[in-house]
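A.B. asks: Let me give you the structure first, and then I'll get to my questions.
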Amino acid sequence: MIPRDFIDTLLARVDIVDVIDRRVSLKKAGQNYQACCPFHNEKTPSFTVSPTKQFYHCFGCGAHGTALGFLMEYEHMSFPDAVAALAQDVGLPIPESAQESDRPKPPPALWDALEQAAQFYRQQLKSSPRAIDYLKQRGLTGTIAARYGMGYAPDDWSPLKQVFSDYSADALAASGLVIDNERSRYDRFRDRIMFPIKNIKGQIVGFGGRVLDKGEPKYLNSPETPLFHKGSELYGLFEARAAIKAAGRAIVVEGYMDVVALAQHGVEFSVAALGTATTPIHVRTLLRHTDRLIYAFDGDNAGRKAAWRALENSLEALQDGKEISFLFLPEGEDPDSTIRAHGQAAFLRLLDNDTLPLSAFLVRELASGLKLDTQEGRASLLKQAKPLLEKITAPMLGSLIQRQIAELAHVPANELTQMGVKPTIARRAPPRPTRRPAPSRLRSLARMMLLNPQRVAEVDQAWLDANDPLFEHLADLMTWLRDIGSPSLPSLAEAARGSTLESLVNELMTDLLDKDDSWDWNAEFDGAVRQLHDDWRRRRQQDLAARPLNSLSASERQELVDLARS
Ligand SMILES: [Zn+2]
């Protein structure tokens, strides 16, 4: 669990306008900021961000929340990840307790084992003329080898025995460094150029190893371990971070050899997926670092297949305003050979001029081999397009691609929907127009309680009108607010996350967006409490007066007299 007061401090430190504006350009509108909603497709802005309430709300689709909530929705982050990202932005160290308890932490022995192995492989590279020759032949210098921490695993069954005094330690198997069979244990990596795979913090989580000669498999990676998840780690991202930022784009290549070869020629913003197709997690991770992503795969059949898989896996991670494209190299070429043969400038020119936007690649591949001048061909286009179109969650891009497919199939775009292709859905599905709940006394009181939980104690729950639509929830809200002390509005919204009060708190926050900041809520609170009390007295008086006098107790009669007098 992340401690509540840490969340409070964090929310007090960040500015939601800044957090959102870096992702969705905001325009000042009165006391608030506005933009076209990133969560649904719209032409006039109904997405509102309040700098004073530190809350956003879309009056079109109902999306709402704090800076944390926005990051979770927009960047598809988990709650702990959103907290970590914001904390990093404002330079707030995350409490140890939070880091430890949110995920099971792998034992330190695993990190150590990988680090020691990496060190050993680096030393071995220095003393292996054969490995050095190999790298030189590939045009790599010692500087690049050092920058990526490259090494060499000697040609022996268990070279790591030289590093680990206890070669039978569990950590060696758990970190994927050794393989156990029935009789013995031996090194996973033997006679290979070693590429340490780092997480975004720069810690080694696994290795990739490439054979020097003709051996098989050509590439060998660490298995899935508690530290290494192929579907989420990207080779080279740690090293490429700054360059990606500076270049404003990232290249995804097929293998680690491509990454280091590009870096050798000064193209330092490339990364590679590891023994797996690019996953939606990879794409989202990269799109957090940059707005432009270019896949550069080999110009052979396998490369084209990998490109199509990358496309399929990118669809659900697409975001409007971000750009994913493909660079198709000539048959038989890969990024490594291309940049070695033609140099950096030529390669950058390819990136600038020869990439195919994802949408064009999608349409081209779908249409290829089909006879679009026949009904059958067009029907088959629609059939193949349907599951792909449904994956796209970027509203604008999604509807543009749908329109293009519809044109190719000679059908009006809306007919696509009738044929069962769902219209592109915003990430917060399904968009629902906000129905503003009817104003009520209790509702305005509840809003003011949110602004000052300390004053909740001034309200007697007996005064609440049982006929008010808010009656049932308000008592709960009051108890909750009394327990919680008096944090800020966004802190309240975060504290309500996941509780039964979540939607009520969010609705009330939304109501507050309209309120002018010069609004004197203290006076309003006084007025509301007075009103509530008066209403209750009137109801009580009517109640008592409606009953036959002889059914009233002595105290009730006295009460009736008092009520009538005041
Ligand atoms: Zn919206």
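Going through the structure tokens in order, the chains are called A, B, and so on, while each chain numbers its residues from 1 and the ligands are numbered from 1 in the order shown.
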Can you build me a table of chain A residues sitting at most 8 Å from ligand 1, with the closest atom pair per residue and its distance in Å to one decimal, using only C-alpha atoms and all ligand atoms, sorted by chain and residue number, as CSV?

C.D. replies:
residue,atom,partner,partner_atom_place_in_ligand_line,distance
A:Cys36,CA,ligand 1,1 (Zn),7.6
A:Cys37,CA,ligand 1,1 (Zn),4.4
A:Pro38,CA,ligand 1,1 (Zn),6.5
A:Phe39,CA,ligand 1,1 (Zn),4.9
A:His40,CA,ligand 1,1 (Zn),4.5
A:Asn41,CA,ligand 1,1 (Zn),7.2
A:Glu42,CA,ligand 1,1 (Zn),7.6
A:Ser46,CA,ligand 1,1 (Zn),6.8
A:Phe47,CA,ligand 1,1 (Zn),6.0
A:His57,CA,ligand 1,1 (Zn),7.8
A:Cys58,CA,ligand 1,1 (Zn),4.6
A:Phe59,CA,ligand 1,1 (Zn),6.6
A:Gly60,CA,ligand 1,1 (Zn),4.8
A:Cys61,CA,ligand 1,1 (Zn),4.0
A:Gly62,CA,ligand 1,1 (Zn),6.1
A:Ala63,CA,ligand 1,1 (Zn),5.7
A:Pro431,CA,ligand 1,1 (Zn),7.1

A.B. asks: With a distance cut-off of 9 Å and only C-alpha atoms, select the neighbouring residues of segment 221-224 of chain A, excluding the residue or stretch itself and same-chain residues fewer than 6 positions from it, and output the selection as a PyMOL selection string.

C.D. replies: chain A and resi 175-177+188-189+205-210+230+274-275

A.B. asks: As a short mmCIF file (atom, residue, chain, number, x, y, z; two decimals) with N, CA and C atoms, in the first residue's frame, please: the residues near segment 289-298 of chain A (cut-off 6 Å, only C-alpha atoms, same-chain neighbours under 3 positions excluded).

C.D. replies:
data_model
loop_
_atom_site.label_atom_id
_atom_site.label_comp_id
_atom_site.auth_asym_id
_atom_site.auth_seq_id
_atom_site.Cartn_x
_atom_site.Cartn_y
_atom_site.Cartn_z
N GLY A 248 13.18 13.02 -30.60
CA GLY A 248 11.72 13.11 -30.74
C GLY A 248 11.14 11.88 -31.40
N ARG A 249 11.89 10.79 -31.45
CA ARG A 249 11.37 9.56 -32.03
C ARG A 249 12.18 8.37 -31.53
N ALA A 250 11.58 7.20 -31.68
CA ALA A 250 12.27 5.97 -31.31
C ALA A 250 12.13 4.97 -32.44
N ILE A 251 13.19 4.19 -32.66
CA ILE A 251 13.12 3.15 -33.68
C ILE A 251 13.04 1.81 -32.98
N VAL A 252 12.15 0.95 -33.44
CA VAL A 252 12.10 -0.41 -32.92
C VAL A 252 12.70 -1.34 -33.97
N VAL A 253 13.76 -2.04 -33.60
CA VAL A 253 14.41 -2.96 -34.54
C VAL A 253 14.22 -4.39 -34.03
N GLU A 254 14.70 -5.36 -34.83
CA GLU A 254 14.42 -6.74 -34.47
C GLU A 254 15.35 -7.32 -33.41
N LEU A 286 6.94 2.82 -24.99
CA LEU A 286 7.67 3.72 -25.88
C LEU A 286 6.92 5.02 -26.11
N GLY A 303 10.91 -10.52 -41.64
CA GLY A 303 10.80 -9.14 -41.22
C GLY A 303 9.42 -8.57 -41.50
N LYS A 322 -0.21 10.67 -31.66
CA LYS A 322 1.05 9.94 -31.70
C LYS A 322 1.12 9.24 -33.06
N GLU A 323 2.34 8.98 -33.50
CA GLU A 323 2.51 8.52 -34.86
C GLU A 323 3.34 7.23 -34.87
N ILE A 324 2.79 6.20 -35.47
CA ILE A 324 3.56 4.95 -35.60
C ILE A 324 3.74 4.68 -37.08
N SER A 325 4.97 4.40 -37.51
CA SER A 325 5.18 4.12 -38.92
C SER A 325 6.18 2.99 -39.10
N PHE A 326 6.31 2.55 -40.35
CA PHE A 326 7.15 1.39 -40.67
C PHE A 326 8.17 1.76 -41.73
N LEU A 327 9.40 1.30 -41.50
CA LEU A 327 10.43 1.46 -42.52
C LEU A 327 10.72 0.07 -43.09
N GLU A 333 18.24 -6.82 -46.56
CA GLU A 333 18.92 -5.83 -45.73
C GLU A 333 18.30 -5.80 -44.34
N ASP A 334 19.11 -5.43 -43.35
CA ASP A 334 18.55 -5.13 -42.04
C ASP A 334 19.15 -3.80 -41.58
#

A.B. asks: Of the candidates A:Leu212, A:Ala413, A:Leu445, A:Ala169, which shows the shortest atom-to-atom distance to Pro154 of chain A, using only C-alpha atoms?

C.D. replies: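 Under the stated criterion, the closest residue is A:Leu212.
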
A.B. asks: Between atom CA of Pro395 of chain A and atom CA of Gly369 of chain A, what is the spacing in Å?

C.D. replies: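 It comes out at 28.6 Å.
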
A.B. asks: If you run DSSP on the backbone, which residues of segment 427-565 of chain A are helix (DSSP H, G or I), as a PDB file with C-alpha atoms, in the first residue's frame?

C.D. replies:
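Writing the result to selection_6.pdb gives the following:
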ATOM      1  CA  ARG A 441     -30.424  20.959  -0.972  1.00  0.00           C
ATOM      2  CA  LEU A 442     -28.446  17.972   0.160  1.00  0.00           C
ATOM      3  CA  ARG A 443     -26.405  18.012  -2.979  1.00  0.00           C
ATOM      4  CA  SER A 444     -25.214  21.552  -2.489  1.00  0.00           C
ATOM      5  CA  LEU A 445     -24.551  20.785   1.162  1.00  0.00           C
ATOM      6  CA  ALA A 446     -22.539  17.700   0.168  1.00  0.00           C
ATOM      7  CA  ARG A 447     -20.417  19.827  -2.176  1.00  0.00           C
ATOM      8  CA  MET A 448     -19.586  22.181   0.635  1.00  0.00           C
ATOM      9  CA  MET A 449     -18.757  19.334   2.954  1.00  0.00           C
ATOM     10  CA  LEU A 450     -16.245  18.174   0.397  1.00  0.00           C
ATOM     11  CA  LEU A 451     -14.648  21.618   0.479  1.00  0.00           C
ATOM     12  CA  PRO A 453     -14.716  18.179   5.890  1.00  0.00           C
ATOM     13  CA  GLN A 454     -13.960  19.803   9.259  1.00  0.00           C
ATOM     14  CA  ARG A 455     -17.392  21.380   9.339  1.00  0.00           C
ATOM     15  CA  VAL A 456     -19.246  18.100   8.789  1.00  0.00           C
ATOM     16  CA  ALA A 457     -19.701  17.793  12.548  1.00  0.00           C
ATOM     17  CA  GLU A 458     -21.966  20.870  12.508  1.00  0.00           C
ATOM     18  CA  GLN A 461     -27.782  13.571  10.478  1.00  0.00           C
ATOM     19  CA  ALA A 462     -31.353  13.693  11.858  1.00  0.00           C
ATOM     20  CA  TRP A 463     -31.933  16.870   9.832  1.00  0.00           C
ATOM     21  CA  PHE A 471     -30.301  10.937   1.437  1.00  0.00           C
ATOM     22  CA  GLU A 472     -28.867   7.414   1.557  1.00  0.00           C
ATOM     23  CA  HIS A 473     -25.396   8.339   0.398  1.00  0.00           C
ATOM     24  CA  LEU A 474     -25.041  11.543   2.327  1.00  0.00           C
ATOM     25  CA  ALA A 475     -24.939   9.872   5.725  1.00  0.00           C
ATOM     26  CA  ASP A 476     -22.163   7.601   4.454  1.00  0.00           C
ATOM     27  CA  LEU A 477     -20.335  10.560   2.993  1.00  0.00           C
ATOM     28  CA  MET A 478     -20.526  12.425   6.292  1.00  0.00           C
ATOM     29  CA  THR A 479     -19.107   9.519   8.276  1.00  0.00           C
ATOM     30  CA  TRP A 480     -16.362   9.058   5.734  1.00  0.00           C
ATOM     31  CA  LEU A 481     -15.431  12.744   5.713  1.00  0.00           C
ATOM     32  CA  ARG A 482     -15.345  12.901   9.502  1.00  0.00           C
ATOM     33  CA  ASP A 483     -12.934   9.962   9.594  1.00  0.00           C
ATOM     34  CA  ILE A 484     -10.688  11.277   6.900  1.00  0.00           C
ATOM     35  CA  LEU A 489     -10.092  18.012  -2.988  1.00  0.00           C
ATOM     36  CA  PRO A 490      -7.907  15.823  -5.212  1.00  0.00           C
ATOM     37  CA  SER A 491      -6.769  13.876  -2.153  1.00  0.00           C
ATOM     38  CA  LEU A 492     -10.401  13.199  -1.314  1.00  0.00           C
ATOM     39  CA  ALA A 493     -11.044  12.014  -4.839  1.00  0.00           C
ATOM     40  CA  GLU A 494      -8.088   9.632  -4.591  1.00  0.00           C
ATOM     41  CA  ALA A 495      -9.113   8.420  -1.139  1.00  0.00           C
ATOM     42  CA  ALA A 496     -12.557   7.593  -2.544  1.00  0.00           C
ATOM     43  CA  GLU A 502     -16.253   7.065  -5.537  1.00  0.00           C
ATOM     44  CA  SER A 503     -18.910   8.088  -8.033  1.00  0.00           C
ATOM     45  CA  LEU A 504     -20.611  10.505  -5.639  1.00  0.00           C
ATOM     46  CA  VAL A 505     -17.334  12.230  -4.776  1.00  0.00           C
ATOM     47  CA  ASN A 506     -16.480  12.513  -8.460  1.00  0.00           C
ATOM     48  CA  GLU A 507     -19.910  13.937  -9.292  1.00  0.00           C
ATOM     49  CA  LEU A 508     -19.578  16.523  -6.555  1.00  0.00           C
ATOM     50  CA  MET A 509     -16.093  17.442  -7.749  1.00  0.00           C
ATOM     51  CA  THR A 510     -17.531  17.939 -11.210  1.00  0.00           C
ATOM     52  CA  ASP A 511     -20.238  20.239  -9.826  1.00  0.00           C
ATOM     53  CA  LEU A 512     -17.509  22.268  -8.194  1.00  0.00           C
ATOM     54  CA  LEU A 513     -15.702  22.868 -11.495  1.00  0.00           C
ATOM     55  CA  TRP A 521     -18.075  28.655   0.562  1.00  0.00           C
ATOM     56  CA  ASN A 522     -17.947  29.388   4.285  1.00  0.00           C
ATOM     57  CA  ALA A 523     -20.933  31.664   3.992  1.00  0.00           C
ATOM     58  CA  GLU A 524     -22.585  29.149   1.697  1.00  0.00           C
ATOM     59  CA  PHE A 525     -21.984  26.431   4.228  1.00  0.00           C
ATOM     60  CA  ASP A 526     -23.613  28.543   6.978  1.00  0.00           C
ATOM     61  CA  GLY A 527     -26.549  29.218   4.722  1.00  0.00           C
ATOM     62  CA  ALA A 528     -26.942  25.593   3.739  1.00  0.00           C
ATOM     63  CA  VAL A 529     -26.856  24.377   7.334  1.00  0.00           C
ATOM     64  CA  ARG A 530     -29.411  27.002   8.326  1.00  0.00           C
ATOM     65  CA  GLN A 531     -31.665  25.988   5.436  1.00  0.00           C
ATOM     66  CA  LEU A 532     -31.328  22.339   6.310  1.00  0.00           C
ATOM     67  CA  HIS A 533     -32.200  22.995   9.916  1.00  0.00           C
ATOM     68  CA  ASP A 534     -35.209  25.187   8.972  1.00  0.00           C
ATOM     69  CA  ASP A 535     -36.470  22.578   6.535  1.00  0.00           C
ATOM     70  CA  TRP A 536     -36.184  19.910   9.160  1.00  0.00           C
ATOM     71  CA  ARG A 537     -38.096  22.057  11.716  1.00  0.00           C
ATOM     72  CA  ARG A 538     -40.838  22.714   9.210  1.00  0.00           C
ATOM     73  CA  ARG A 539     -41.160  19.015   8.405  1.00  0.00           C
ATOM     74  CA  ARG A 540     -41.119  18.106  12.085  1.00  0.00           C
ATOM     75  CA  GLN A 541     -43.736  20.707  12.902  1.00  0.00           C
ATOM     76  CA  GLN A 542     -46.004  19.496  10.086  1.00  0.00           C
ATOM     77  CA  ASP A 543     -45.510  15.924  11.218  1.00  0.00           C
ATOM     78  CA  LEU A 544     -46.447  16.616  14.803  1.00  0.00           C
ATOM     79  CA  ALA A 545     -49.307  18.930  13.898  1.00  0.00           C
ATOM     80  CA  ALA A 546     -50.793  16.313  11.574  1.00  0.00           C
ATOM     81  CA  LEU A 549     -53.131  15.831  19.837  1.00  0.00           C
ATOM     82  CA  ASN A 550     -53.900  13.004  22.251  1.00  0.00           C
ATOM     83  CA  SER A 551     -51.427  10.688  20.490  1.00  0.00           C
ATOM     84  CA  ALA A 554     -45.740  15.327  26.734  1.00  0.00           C
ATOM     85  CA  SER A 555     -42.311  16.072  25.298  1.00  0.00           C
ATOM     86  CA  GLU A 556     -43.681  16.028  21.753  1.00  0.00           C
ATOM     87  CA  ARG A 557     -46.361  18.532  22.743  1.00  0.00           C
ATOM     88  CA  GLN A 558     -43.700  20.769  24.250  1.00  0.00           C
ATOM     89  CA  GLU A 559     -41.631  20.375  21.098  1.00  0.00           C
ATOM     90  CA  LEU A 560     -44.598  21.412  18.971  1.00  0.00           C
ATOM     91  CA  VAL A 561     -45.057  24.528  21.093  1.00  0.00           C
ATOM     92  CA  ASP A 562     -41.369  25.403  20.806  1.00  0.00           C
ATOM     93  CA  LEU A 563     -41.369  24.853  17.054  1.00  0.00           C
ATOM     94  CA  ALA A 564     -44.414  27.068  16.573  1.00  0.00           C
ATOM     95  CA  ARG A 565     -42.951  29.819  18.723  1.00  0.00           C
TER      96      ARG A 565
END

A.B. asks: Leaving out Val19 of chain A and any residue of its chain fewer than 6 positions from it, which residues lie within 9 Å of it when counting only C-alpha atoms, given as a PDB file with N, CA and C atoms, in the first residue's frame?

C.D. replies:
ATOM      1  N   ALA A  67      -4.995  14.264 -11.253  1.00  0.00           N
ATOM      2  CA  ALA A  67      -3.809  14.080 -12.092  1.00  0.00           C
ATOM      3  C   ALA A  67      -3.430  12.594 -12.153  1.00  0.00           C
ATOM      4  N   PHE A  70      -5.872  10.784 -14.353  1.00  0.00           N
ATOM      5  CA  PHE A  70      -5.616  11.087 -15.764  1.00  0.00           C
ATOM      6  C   PHE A  70      -4.489  10.223 -16.310  1.00  0.00           C
ATOM      7  N   LEU A  71      -3.387  10.133 -15.558  1.00  0.00           N
ATOM      8  CA  LEU A  71      -2.260   9.313 -16.020  1.00  0.00           C
ATOM      9  C   LEU A  71      -2.676   7.865 -16.202  1.00  0.00           C
ATOM     10  N   LEU A  86       4.382  10.387 -11.378  1.00  0.00           N
ATOM     11  CA  LEU A  86       4.180  11.758 -10.891  1.00  0.00           C
ATOM     12  C   LEU A  86       5.250  12.138  -9.866  1.00  0.00           C
TER      13      LEU A  86
END

A.B. asks: Which residues come within 12 Å of Ser128 of chain A, counting only C-alpha atoms, excluding same-chain residues fewer than 5 positions away, as a PDB file with C-alpha atoms, in the first residue's frame?

C.D. replies:
ATOM      1  CA  TYR A 121      31.339 -11.638 -19.219  1.00  0.00           C
ATOM      2  CA  ARG A 122      32.803  -8.155 -19.750  1.00  0.00           C
ATOM      3  CA  GLN A 123      36.203  -9.304 -18.465  1.00  0.00           C
ATOM      4  CA  ASP A 133      37.637  -9.975 -33.773  1.00  0.00           C
ATOM      5  CA  TYR A 134      34.027 -10.839 -34.278  1.00  0.00           C
ATOM      6  CA  LEU A 135      32.870  -7.450 -32.979  1.00  0.00           C
ATOM      7  CA  GLY A 151      30.611  -9.279 -22.920  1.00  0.00           C
ATOM      8  CA  TYR A 152      31.569 -12.780 -23.915  1.00  0.00           C
ATOM      9  CA  ALA A 153      30.525 -16.105 -22.385  1.00  0.00           C
ATOM     10  CA  PRO A 154      33.455 -18.533 -22.785  1.00  0.00           C
ATOM     11  CA  ASP A 155      33.151 -21.803 -24.654  1.00  0.00           C
ATOM     12  CA  ASP A 191      30.531 -19.185 -26.507  1.00  0.00           C
ATOM     13  CA  ARG A 192      28.248 -16.246 -27.123  1.00  0.00           C
ATOM     14  CA  ILE A 193      28.524 -12.466 -27.361  1.00  0.00           C
ATOM     15  CA  LEU A 212      29.843 -16.066 -33.081  1.00  0.00           C
TER      16      LEU A 212
END

A.B. asks: As a list in words, please: every residue in segment 59-161 of chain A that DSSP puts in strand (DSSP E or B).

C.D. replies: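 The strand (DSSP E or B) subset of segment 59-161 of chain A is His64, Gly65, Gly151, Tyr152 and Ala153 of chain A.
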
A.B. asks: For the contact check between segment 220-263 of chain A and segment 136-145 of chain A, emit one row per residue of segment 220-263 of chain A within 12 Å, containing the shortest atom pair and the distance in Å rounded to one decimal, counting only C-alpha atoms, chain then rising number order, as a Markdown table.

C.D. replies:
| residue | atom | partner | partner_atom | distance |
| --- | --- | --- | --- | --- |
| A:Glu239 | CA | A:Ile144 | CA | 11.0 |
| A:Tyr256 | CA | A:Ala145 | CA | 11.8 |
| A:Met257 | CA | A:Arg138 | CA | 9.1 |
| A:Asp258 | CA | A:Arg138 | CA | 10.6 |
| A:Val259 | CA | A:Ile144 | CA | 10.5 |
| A:Val260 | CA | A:Ile144 | CA | 7.0 |
| A:Ala261 | CA | A:Leu140 | CA | 6.9 |
| A:Leu262 | CA | A:Leu140 | CA | 10.0 |
| A:Ala263 | CA | A:Ile144 | CA | 7.3 |

A.B. asks: Please determine, counting only C-alpha atoms, which residue among A:Ala302, A:Ala82, A:Ile392, A:Ala118 has the shortest atom-to-atom distance to Pro280 of chain A.

C.D. replies: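 Closest residue, counting only C-alpha atoms: A:Ile392.
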
A.B. asks: Quick one, how far is atom CA of Leu318 of chain A from atom CA of Val363 of chain A?

C.D. replies: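 Result for atom CA of Leu318 of chain A versus atom CA of Val363 of chain A: 15.7 Å, one decimal.
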
A.B. asks: Determine, counting only C-alpha atoms, which protein, DNA and RNA residues have an atom within 12 Å of an atom of Glu73 of chain A; residues of the same chain fewer than 2 positions away are not included. Present the result as a list in words.

C.D. replies: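 Here the answer would be Ile20, Pro38, Phe39, Tyr56, Ala63, His64, Gly65, Thr66, Ala67, Leu68, Gly69, Phe70, Leu71, Glu75, His76, Met77, Ser78, Phe79, Asp81, Ala82, Gln319, Ala426, Arg427, Arg428 and Ala429 of chain A.
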
A.B. asks: Could you check which of A:Pro159, A:Ala84, A:Asp320, A:Leu110 is closest to Leu400 of chain A, using only C-alpha atoms?

C.D. replies: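 The shortest atom-to-atom distance to Leu400 of chain A comes from A:Asp320.
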